[in-house]
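Q: Shown below is the structure under consideration.
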Amino acid sequence: MHYNSIDDAINRLKSMIKGKVLDSKLDRYMYASDASMYEIIPSCIVVASCIEDVVNTVRFAYEHGIAVTARGGGTGLVGQAIGDGIIIDLSDMNKVIEVNTHDGYVIVEPGVYKGILDRQLKRYNKCIPVDPSSADYCTIGGMIANNASGSHTVKYGSMIDYVLELDVVLADGSILHARKVSIDEIKDASKDSIEVKIARVLYAMLYDKSNIIKNGFPRVSKNSSGYRLDRVLCSDGIDLAKLFVASEGTLGIVVRAKLKIVDIAKYRALALLAFKDTYDACLYTSKIVANLRPSAVELIDKTVIDIVKMSNGNDSLKQYLDADCMLFVEFDGNSREEVEMQMDKLLNDVKNSAGICKCIAYSYNNDEIARIWDVRKNALAYVMKVRKGNSKALAFIEDPVVSVDKLAELVNGLKEIYKRHGIIAYTIYGHAADGNIHTRPMLDISNEHTTAKINALAEDVFSLVKSMNGSISAEHGDGIARSRFVKMLYPYDIYSLFINIKSILDPKNIMNPGKKIPLEDIRLSSNNGNQYSSYSLTDNLRYLSKDGKDIVLLNWGIRSSRVAERATGYAYELSYKDEVDLCHGCGMCRDLSYKVRMCPVYKGLHTEVASCRGRNNILRWMLKLADASKGSFTPEFTDEYKDIIYKYCIQCKMCLIDCPSNVDVGKIIAEARARYATAHGLPKGYKYFADIDKYANIACKLALLSNALMSNRLFRIMLEYLTGIDARKSIPRFSRIRFDELYSRYRQPMLDKRVAFFADTYIRYINPILGLKIVKILNMNGYRVEYPKQLSSGLPALLEGAIDKGKRIARYNIDNLYSYASDGIPIVTFSPSASLALRMEYLNVIDDEKSRSVAYNTYDIHEFLNMLRKGNELIEFKPVNEDALVHIHCHILVQGYDKDVIGLLRCIPSLKVSLLERGCCGVGGSYSFIKDNYELSMLIGKELFNAVYDGISNGKRIYTTGESCMLQMDEGLRKIVGNNSNNNNIKGDSIGLTVELISRAYGIED
Ligand SMILES: Cc1cc2nc3c(=O)[nH]c(=O)nc-3n(C[C@H](O)[C@H](O)[C@H](O)COP(=O)(O)OP(=O)(O)OC[C@H]3O[C@@H](n4cnc5c(N)ncnc54)[C@H](O)[C@@H]3O)c2cc1C
Ligand code: SF4
Ligand code: SF4
């Protein structure tokens, strides 16, 4: 290096980059892992915004002999997206540049998510039919570099079949337009573009060895091990683009890709076949592939079926799970007859299979097909949910592939190897039609004996695969786990070609070094090359030691609340460390579709720190370093750390239900905040919400004055300066009369049945009239409403770090509600956050008989009324003639009573009800009121606000289920309307509450 210090070098790099250069310790911890079992801390991260950024970074690295590792979604399973040099995060380079339906191609930047591209192509009835399960959160660049594939490879091939041309930044920073170069061009001495020159070298190298290449590559339908020379050398030239497919960023970085697109098949049919034996299922697969033309045949065996059965949330699918092994057989085509004919043949064959298999279900209906497919698609998610002490399902032998006629032999061989090594817990599923099995043993990676077992298993499994002419990786790549075995898989003649190519294109070994070709096999062109990165299967393993006492402020490892048990399927929660360690880095929390709501902050910001994974990774490192330094390590207490734990989590809790491992990142963050605030006090602004009863009481008593002040701009600016409450945030008007007073004046009819009402802040201080309506609704249904002494729920205090205050509030409320709960009197809430507090969050600070009893007896008003409906006890509604679009509060989804809300509303005559699913509104309770959070909160809700606007423009009435969402959606709508002069008829304050709708359906007036 020519710099005095690493800081000088990084400052120089920063001056060259238009995107971002991240070099803080916390950023580097965050990027130290992907979805694999490894972790390596990089020197810095460049979040590239344009091709120039990539070129400049690579040039800089080349000059100084620093390693460069490209990264897309970071969903690689075997460590290929991590390294010790510079990580180039390409996920901001995500434009779809051209869709050309006429010539059948699309041109994209590398960071575009496959799921997003799919949705754009669907508008033209086109697709790239390569469908990894991670499609919604992995990038095209990563898919090319891994030669990703999916369930439909048997008919449609893998990524290599769709790559037409690529722009690639090579190790010296030059840009190669990688395309097919014809023999004529190669032989034409006057042609001297980079691509022709490289093609010429490759042609000279490969042509003589064409037979060796033909015979030495695995005989499989998909392969992502080594370099794909079998597809580079063509009869009419050199296909340079194919050289970079499956190369894992070791030869260059793809900055633009031209990909083939095809028509989406019009018709599909899916059959689910049950087998008693996996061996039979494999043999049967081979028969289906030989005799029919399936678009997919996928397998899950008993090891996965049992896990799926155990998982919650799949009740509707349990009917399909009555088997020891299942095949999902799909046919597609452009005519219904074609698909039906194939399906009939299959069903006929199954009927005559002499009991080997039976058909559990088959369908031509796209919705049902999608639902059944979910079982298979989420297989890995189910597997990663399993909690067995310190053991985890590890990926290192997870992707072997053989020709389909050898699949049964492969599965038997695998089972024998597991048996020989004394492994009884493992999983088997995969793309059967391609002879590609995904298998993971459950091992305790922190146990010192495990490394020997991992090495021995890998040796045995890879030898077996080689003996069967298969490949050690079909679609996941070599990464850290398998790069040392590439040499074993290929004949030396071919492996030496790999070395030559790597040495020519990357003479300094800076492009993702250590992957594909280990350092000892590389021929460095000079001493100024990267001589350090060299990995073995069991180095750099990622685990969190569970030794040492965990000093925690929240309750961990307790009996699960009903909410948590429903979400996770487990009766007991994990310890803090185990919970943090549960995240396996899959990256699903970076999903930008609205199939899942997690993580709203990521959906708004699109940065790693905004994902659950990013924050969780940082917290794992905090624990690790604190352990290693015996507690003396305290980077926790920096402003950067404070921002990470306060700014990037809105406590929506969606990770608890949407994360495949159900990692409760919200609770992990609440613990981190409690630790931070205990040492430093609450950050500015937060303390007012922790003490909301005190301030709201005063504001109500002086309502005229407080409302006038709150709408005065100058006062708000002053307030912002003094308190940290953002001056731009609308604050609802305080009521002159509090609910407590209104309730005491109201005369209820004499009724036998009783409920206790828990009102919370909005009803107590802002909208007591709504509280009275709820009382009347309950009265009409025969319930007298008691109103116990209470404070607001205290959720802000509990989730934002004011742990002692939160505990005192929880204690007060539990003590006052317990006498009702212990008599079996239902406690009814209106605010979804209040029910979450009573049912789950209180247990995180007070776990005793009283808190459990209160938690058990709490019901949200919708849920309670729907319970009455199910018992035929609900008084009938009057018609409401409206077209309602209903948004559901995140805390309702977490508690799982969204179906109650919709079920109840659908009973209102004349009311048309549809769901508005466009993610979270971004309010996060008190979050959006805090200065610095306001803009982010509006950004998080942007998609929803737009959908609200569209809904209203199309004549719908918009309703939501919680007061904070309502206020935030109104605010978002006001912003759109304010920006849009054409829409005088749409106003802010247009969002209703579902409870108001119910009260209208009962004829209850204001
Ligand atoms: C839950 C889950 C399910 C999965 N299911 C499948 C599946 O069904 N099929 C399948 O094939 N895979 C699957 N995978 C593996 C992985 O998601 C895919 O291989 C995916 O294509 C990787 O994309 P990525 O953007 O996350 O790449 P990353 O993990 O970020 O990177 C992968 C490799 O590509 C390189 N790279 C990234 N971008 C570029 C670029 N622009 N230029 C050059 N190199 C680059 C990286 O250096 C790295 O070597 C799954 C993973 C998970 C976690
Ligand atoms: S938090 Fe969950 S979804 Fe996100 S990476 Fe971790 S395991 Fe995957
Ligand atoms: S609670 Fe919500 S915002 Fe926080 S990490 Fe989970 S999904 Fe993201």
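Residue names in the structure tokens use chain letters A, B, ... in the order shown, residue numbers from 1 in each chain, and ligand numbers from 1 in the order shown.
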Using only C-alpha atoms and all ligand atoms, which protein or nucleic acid residues are at most 7 Å from ligand 1, as an mmCIF file with C-alpha atoms, in the first residue's frame?
A:
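So out04.cif came out as:
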data_model
loop_
_atom_site.group_PDB
_atom_site.id
_atom_site.type_symbol
_atom_site.label_atom_id
_atom_site.label_comp_id
_atom_site.auth_asym_id
_atom_site.auth_seq_id
_atom_site.Cartn_x
_atom_site.Cartn_y
_atom_site.Cartn_z
ATOM 1 C CA ASP A 34 -24.478 -14.338 4.240
ATOM 2 C CA ALA A 35 -26.871 -17.286 4.351
ATOM 3 C CA THR A 69 -16.176 -9.886 -3.378
ATOM 4 C CA ALA A 70 -19.390 -9.056 -5.206
ATOM 5 C CA ARG A 71 -22.617 -9.359 -3.291
ATOM 6 C CA GLY A 72 -26.236 -9.243 -4.412
ATOM 7 C CA GLY A 73 -28.838 -10.359 -1.892
ATOM 8 C CA GLY A 74 -26.289 -12.217 0.233
ATOM 9 C CA THR A 75 -28.428 -15.374 0.048
ATOM 10 C CA GLY A 76 -25.587 -17.629 -1.080
ATOM 11 C CA LEU A 77 -25.645 -20.757 1.044
ATOM 12 C CA GLN A 80 -19.432 -17.211 -1.601
ATOM 13 C CA ALA A 81 -20.687 -13.687 -0.854
ATOM 14 C CA LEU A 90 -24.641 -4.375 -6.045
ATOM 15 C CA PRO A 110 -27.217 -6.989 -11.694
ATOM 16 C CA GLY A 111 -28.878 -5.939 -8.432
ATOM 17 C CA ASP A 131 -37.237 -19.973 -10.079
ATOM 18 C CA PRO A 132 -35.049 -20.333 -6.988
ATOM 19 C CA SER A 133 -37.058 -20.363 -3.761
ATOM 20 C CA SER A 134 -35.184 -17.213 -2.813
ATOM 21 C CA TYR A 137 -34.831 -11.528 -2.293
ATOM 22 C CA CYS A 138 -31.952 -12.717 -4.457
ATOM 23 C CA THR A 139 -30.510 -10.741 -7.346
ATOM 24 C CA ILE A 140 -29.986 -11.538 -11.003
ATOM 25 C CA GLY A 141 -26.229 -10.977 -10.556
ATOM 26 C CA GLY A 142 -26.096 -13.578 -7.783
ATOM 27 C CA MET A 143 -28.224 -15.961 -9.820
ATOM 28 C CA ILE A 144 -25.864 -15.681 -12.783
ATOM 29 C CA ALA A 145 -22.800 -16.063 -10.591
ATOM 30 C CA ASN A 146 -24.246 -19.171 -8.912
ATOM 31 C CA ASN A 147 -25.976 -20.550 -12.009
ATOM 32 C CA ALA A 148 -29.117 -20.623 -9.909
ATOM 33 C CA SER A 149 -32.018 -22.819 -10.846
ATOM 34 C CA GLY A 150 -35.195 -24.061 -9.283
ATOM 35 C CA SER A 151 -38.052 -26.475 -9.533
ATOM 36 C CA GLU A 248 -19.143 -16.784 -8.296
ATOM 37 C CA GLY A 249 -17.529 -13.443 -9.032
ATOM 38 C CA GLY A 252 -15.220 -10.573 -12.963
ATOM 39 C CA ILE A 253 -18.221 -8.624 -11.767
ATOM 40 C CA VAL A 254 -21.360 -8.587 -13.876
ATOM 41 C CA VAL A 255 -22.658 -5.028 -14.236
ATOM 42 C CA LEU A 380 -35.799 -24.927 3.696
ATOM 43 C CA ALA A 381 -37.660 -22.445 5.862
ATOM 44 C CA GLU A 475 -27.210 -24.771 -8.145
ATOM 45 C CA HIS A 476 -25.711 -23.368 -4.939
ATOM 46 C CA GLY A 479 -18.264 -21.058 -2.100
ATOM 47 C CA ASN A 512 -13.411 -13.286 -4.701
ATOM 48 C CA CYS A 586 -31.421 -16.297 4.543
ATOM 49 C CA GLY A 587 -32.264 -12.691 3.663
#
Q: Against region 387-395 of chain A, which residues of region 439-473 of chain A fall within 12 Å? For each one I want the closest pair of atoms and the distance in Å (one decimal), counting only C-alpha atoms, rows by chain and increasing residue number, as CSV.
A:
residue,atom,partner,partner_atom,distance
A:Thr439,CA,A:Ala395,CA,7.8
A:Arg440,CA,A:Ala393,CA,5.3
A:Pro441,CA,A:Ala393,CA,5.4
A:Met442,CA,A:Ala393,CA,4.3
A:Leu443,CA,A:Ser391,CA,4.6
A:Asp444,CA,A:Ser391,CA,4.0
A:Ile445,CA,A:Ser391,CA,6.9
A:Ser446,CA,A:Asn390,CA,7.6
A:Asn447,CA,A:Asn390,CA,8.8
A:Thr450,CA,A:Ser391,CA,10.2
A:Thr451,CA,A:Leu394,CA,11.7
A:Lys453,CA,A:Leu394,CA,12.0
A:Ile454,CA,A:Leu394,CA,9.3
A:Leu457,CA,A:Ala395,CA,11.7
A:Ala458,CA,A:Ala395,CA,10.6
A:Ser473,CA,A:Ala395,CA,11.4
Q: Counting only C-alpha atoms, what is within 10 Å of Lys95 (chain A), bar same-chain residues fewer than 3 positions away, as a list in words?
A: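 Near neighbours after the sequence-gap exclusion: Ser91, Asp92, Glu98, Ile107, Val108, Glu109, Pro110, Gly111, Val112, Tyr113, Leu117 and Arg256 of chain A.
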Q: Put those residues in a file: C-alpha atoms, as a CSV table (one decimal), in the first residue's frame.
A:
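Ended up saving to selection-v4.csv:
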chain,number,residue,atom,x,y,z
A,91,SER,CA,-28.2,-4.4,-4.8
A,92,ASP,CA,-28.6,-0.6,-5.5
A,98,GLU,CA,-35.0,-2.8,-21.6
A,107,ILE,CA,-31.5,-6.1,-20.2
A,108,VAL,CA,-31.0,-5.5,-16.5
A,109,GLU,CA,-28.6,-4.2,-13.9
A,110,PRO,CA,-27.2,-7.0,-11.7
A,111,GLY,CA,-28.9,-5.9,-8.4
A,112,VAL,CA,-32.5,-6.3,-9.6
A,113,TYR,CA,-34.4,-8.9,-7.5
A,117,LEU,CA,-38.1,-8.6,-12.6
A,256,ARG,CA,-25.3,-5.6,-16.9
Q: Using only C-alpha atoms and all ligand atoms, what are the residues with an atom within 7 Å of ligand 3, set out as a tab-separated table (two decimals) with N, CA, C and O atoms, in the first residue's frame?
A:
chain	number	residue	atom	x	y	z
A	598	MET	N	-42.77	-8.35	6.59
A	598	MET	CA	-41.40	-8.18	7.12
A	598	MET	C	-40.46	-7.77	5.99
A	598	MET	O	-40.60	-8.30	4.90
A	599	CYS	N	-39.52	-6.93	6.17
A	599	CYS	CA	-39.38	-5.98	7.25
A	599	CYS	C	-39.73	-4.61	6.65
A	599	CYS	O	-39.10	-4.20	5.68
A	600	PRO	N	-40.74	-3.95	7.21
A	600	PRO	CA	-41.18	-2.68	6.63
A	600	PRO	C	-40.06	-1.67	6.50
A	600	PRO	O	-40.04	-0.88	5.56
A	601	VAL	N	-39.12	-1.68	7.42
A	601	VAL	CA	-38.04	-0.69	7.36
A	601	VAL	C	-37.17	-0.97	6.13
A	601	VAL	O	-36.76	-0.07	5.41
A	611	SER	N	-32.57	-4.17	7.31
A	611	SER	CA	-33.17	-5.50	7.32
A	611	SER	C	-33.01	-6.12	8.71
A	611	SER	O	-32.10	-5.75	9.46
A	612	CYS	N	-33.89	-7.03	9.04
A	612	CYS	CA	-33.79	-7.72	10.34
A	612	CYS	C	-32.41	-8.39	10.43
A	612	CYS	O	-31.77	-8.38	11.46
A	648	TYR	N	-33.91	1.88	13.20
A	648	TYR	CA	-34.22	0.93	12.14
A	648	TYR	C	-35.15	-0.19	12.56
A	648	TYR	O	-35.22	-1.21	11.87
A	649	CYS	N	-35.83	-0.04	13.68
A	649	CYS	CA	-36.84	-1.05	14.01
A	649	CYS	C	-38.07	-0.32	14.52
A	649	CYS	O	-37.98	0.46	15.45
A	650	ILE	N	-39.23	-0.57	13.89
A	650	ILE	CA	-40.44	0.12	14.33
A	650	ILE	C	-41.31	-0.79	15.20
A	650	ILE	O	-42.46	-0.47	15.46
A	651	GLN	N	-40.76	-1.90	15.62
A	651	GLN	CA	-41.45	-2.82	16.53
A	651	GLN	C	-42.81	-3.26	16.00
A	651	GLN	O	-43.78	-3.39	16.75
A	652	CYS	N	-42.86	-3.51	14.69
A	652	CYS	CA	-44.10	-4.02	14.13
A	652	CYS	C	-44.29	-5.49	14.48
A	652	CYS	O	-45.40	-6.01	14.43
A	653	LYS	N	-43.19	-6.17	14.78
A	653	LYS	CA	-43.20	-7.58	15.19
A	653	LYS	C	-43.46	-8.55	14.04
A	653	LYS	O	-43.72	-9.74	14.26
A	654	MET	N	-43.44	-8.04	12.82
A	654	MET	CA	-43.75	-8.93	11.70
A	654	MET	C	-42.71	-10.03	11.54
A	654	MET	O	-43.00	-11.09	11.02
A	655	CYS	N	-41.47	-9.77	11.99
A	655	CYS	CA	-40.44	-10.82	11.86
A	655	CYS	C	-40.83	-12.07	12.64
A	655	CYS	O	-40.52	-13.18	12.23
A	656	LEU	N	-41.53	-11.87	13.75
A	656	LEU	CA	-41.91	-13.05	14.55
A	656	LEU	C	-42.77	-14.01	13.74
A	656	LEU	O	-42.68	-15.23	13.90
A	664	ASP	N	-37.48	-13.42	16.65
A	664	ASP	CA	-38.20	-12.26	17.17
A	664	ASP	C	-37.20	-11.10	17.28
A	664	ASP	O	-36.74	-10.74	18.36
A	665	VAL	N	-36.88	-10.53	16.12
A	665	VAL	CA	-35.87	-9.46	16.12
A	665	VAL	C	-36.38	-8.25	16.91
A	665	VAL	O	-35.61	-7.55	17.56
A	666	GLY	N	-37.70	-8.06	16.89
A	666	GLY	CA	-38.27	-6.96	17.69
A	666	GLY	C	-37.90	-7.11	19.16
A	666	GLY	O	-37.47	-6.15	19.81
Q: Provide the CA of Leu206 (chain A) to CA of Leu497 (chain A) distance in Å, to one decimal place.
A: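 Taking CA of Leu206 (chain A) as the start and CA of Leu497 (chain A) as the end point, the length is 7.9 Å.
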Q: As a quick test: using only C-alpha atoms and all ligand atoms, which residues lie no more than 6 Å away from ligand 2? Give them as a VMD selection string.
A: chain A and resid 583 to 589 612 to 613 659 to 661 663
Q: Could you pull the residues within 12 Å of Thr250 (chain A), counting only C-alpha atoms, minus those fewer than 6 positions along the same chain, as a ChimeraX atom specification?
A: /A:67-71,80-81,83,145-146,168-171,226-227,243-244,477-479,483,498-499,501-518,522
Q: Give me a file of those residues, with C-alpha atoms, as a compact mmCIF listing (two decimals), in the first residue's frame.
A:
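As a result, part-v1.txt now contains:
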# COMPACT_ATOMS: atom_id res chain seq x y z
CA ALA A 67 -9.65 -8.89 -2.49
CA VAL A 68 -13.03 -7.86 -3.97
CA THR A 69 -16.18 -9.89 -3.38
CA ALA A 70 -19.39 -9.06 -5.21
CA ARG A 71 -22.62 -9.36 -3.29
CA GLN A 80 -19.43 -17.21 -1.60
CA ALA A 81 -20.69 -13.69 -0.85
CA GLY A 83 -14.58 -12.17 2.12
CA ALA A 145 -22.80 -16.06 -10.59
CA ASN A 146 -24.25 -19.17 -8.91
CA VAL A 168 -18.32 -7.65 -16.88
CA VAL A 169 -15.79 -5.59 -14.96
CA LEU A 170 -12.54 -7.55 -15.07
CA ALA A 171 -9.84 -7.62 -12.40
CA GLY A 226 -16.13 -25.16 -11.30
CA TYR A 227 -16.25 -23.07 -14.48
CA LEU A 243 -17.73 -18.35 -18.63
CA PHE A 244 -19.06 -16.00 -15.99
CA GLY A 477 -22.10 -23.06 -6.06
CA ASP A 478 -18.77 -24.02 -4.48
CA GLY A 479 -18.26 -21.06 -2.10
CA SER A 483 -14.03 -24.93 -3.43
CA PHE A 498 -9.73 -23.64 -14.57
CA ILE A 499 -6.40 -22.57 -13.03
CA ILE A 501 -8.31 -19.19 -16.93
CA LYS A 502 -8.36 -17.83 -13.40
CA SER A 503 -4.67 -16.89 -13.64
CA ILE A 504 -5.16 -15.08 -16.95
CA LEU A 505 -8.31 -13.18 -16.03
CA ASP A 506 -7.38 -12.50 -12.42
CA PRO A 507 -3.57 -12.47 -12.33
CA LYS A 508 -3.45 -10.93 -8.87
CA ASN A 509 -6.08 -13.22 -7.37
CA ILE A 510 -8.26 -10.38 -6.17
CA MET A 511 -11.65 -11.48 -7.53
CA ASN A 512 -13.41 -13.29 -4.70
CA PRO A 513 -10.20 -15.16 -3.88
CA GLY A 514 -10.31 -18.52 -2.19
CA LYS A 515 -13.53 -19.45 -3.98
CA LYS A 516 -13.49 -21.96 -6.85
CA ILE A 517 -9.67 -22.24 -6.92
CA PRO A 518 -7.80 -22.26 -3.59
CA ILE A 522 -3.32 -20.03 -8.18
Q: Using 9 Å as the limit and counting only C-alpha atoms, can you tabulate each residue of region 767-804 of chain A that touches region 852-870 of chain A, with its shortest atom-to-atom distance in Å and the two atoms involved, as a tab-separated table?
A:
residue	atom	partner	partner_atom	distance
A:Ile774	CA	A:Ile861	CA	8.0
A:Leu778	CA	A:Leu865	CA	8.3
A:Asn781	CA	A:Leu868	CA	8.5
Q: Got time to write the residues from that selection, all heavy atoms, as a PDB file, in the first residue's frame?
A:
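Output saved as result_9.pdb:
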ATOM      1  N   ILE A 774     -67.828   1.498  21.835  1.00  0.00           N
ATOM      2  CA  ILE A 774     -67.463   0.098  22.090  1.00  0.00           C
ATOM      3  C   ILE A 774     -68.279  -0.437  23.269  1.00  0.00           C
ATOM      4  O   ILE A 774     -68.787  -1.560  23.242  1.00  0.00           O
ATOM      5  CB  ILE A 774     -65.938  -0.018  22.338  1.00  0.00           C
ATOM      6  CG1 ILE A 774     -65.195   0.306  21.042  1.00  0.00           C
ATOM      7  CG2 ILE A 774     -65.556  -1.398  22.861  1.00  0.00           C
ATOM      8  CD1 ILE A 774     -63.687   0.408  21.165  1.00  0.00           C
ATOM      9  N   LEU A 778     -70.896  -3.612  23.051  1.00  0.00           N
ATOM     10  CA  LEU A 778     -70.852  -4.767  23.965  1.00  0.00           C
ATOM     11  C   LEU A 778     -72.165  -4.888  24.724  1.00  0.00           C
ATOM     12  O   LEU A 778     -72.698  -5.992  24.911  1.00  0.00           O
ATOM     13  CB  LEU A 778     -69.650  -4.626  24.908  1.00  0.00           C
ATOM     14  CG  LEU A 778     -68.289  -4.816  24.198  1.00  0.00           C
ATOM     15  CD1 LEU A 778     -67.140  -4.267  25.037  1.00  0.00           C
ATOM     16  CD2 LEU A 778     -68.048  -6.295  23.888  1.00  0.00           C
ATOM     17  N   ASN A 781     -74.773  -6.560  22.826  1.00  0.00           N
ATOM     18  CA  ASN A 781     -74.575  -8.012  22.743  1.00  0.00           C
ATOM     19  C   ASN A 781     -74.688  -8.694  24.108  1.00  0.00           C
ATOM     20  O   ASN A 781     -74.282  -9.843  24.270  1.00  0.00           O
ATOM     21  CB  ASN A 781     -73.235  -8.313  22.093  1.00  0.00           C
ATOM     22  CG  ASN A 781     -73.324  -8.186  20.581  1.00  0.00           C
ATOM     23  OD1 ASN A 781     -73.939  -9.016  19.928  1.00  0.00           O
ATOM     24  ND2 ASN A 781     -72.765  -7.102  20.050  1.00  0.00           N
TER      25      ASN A 781
END
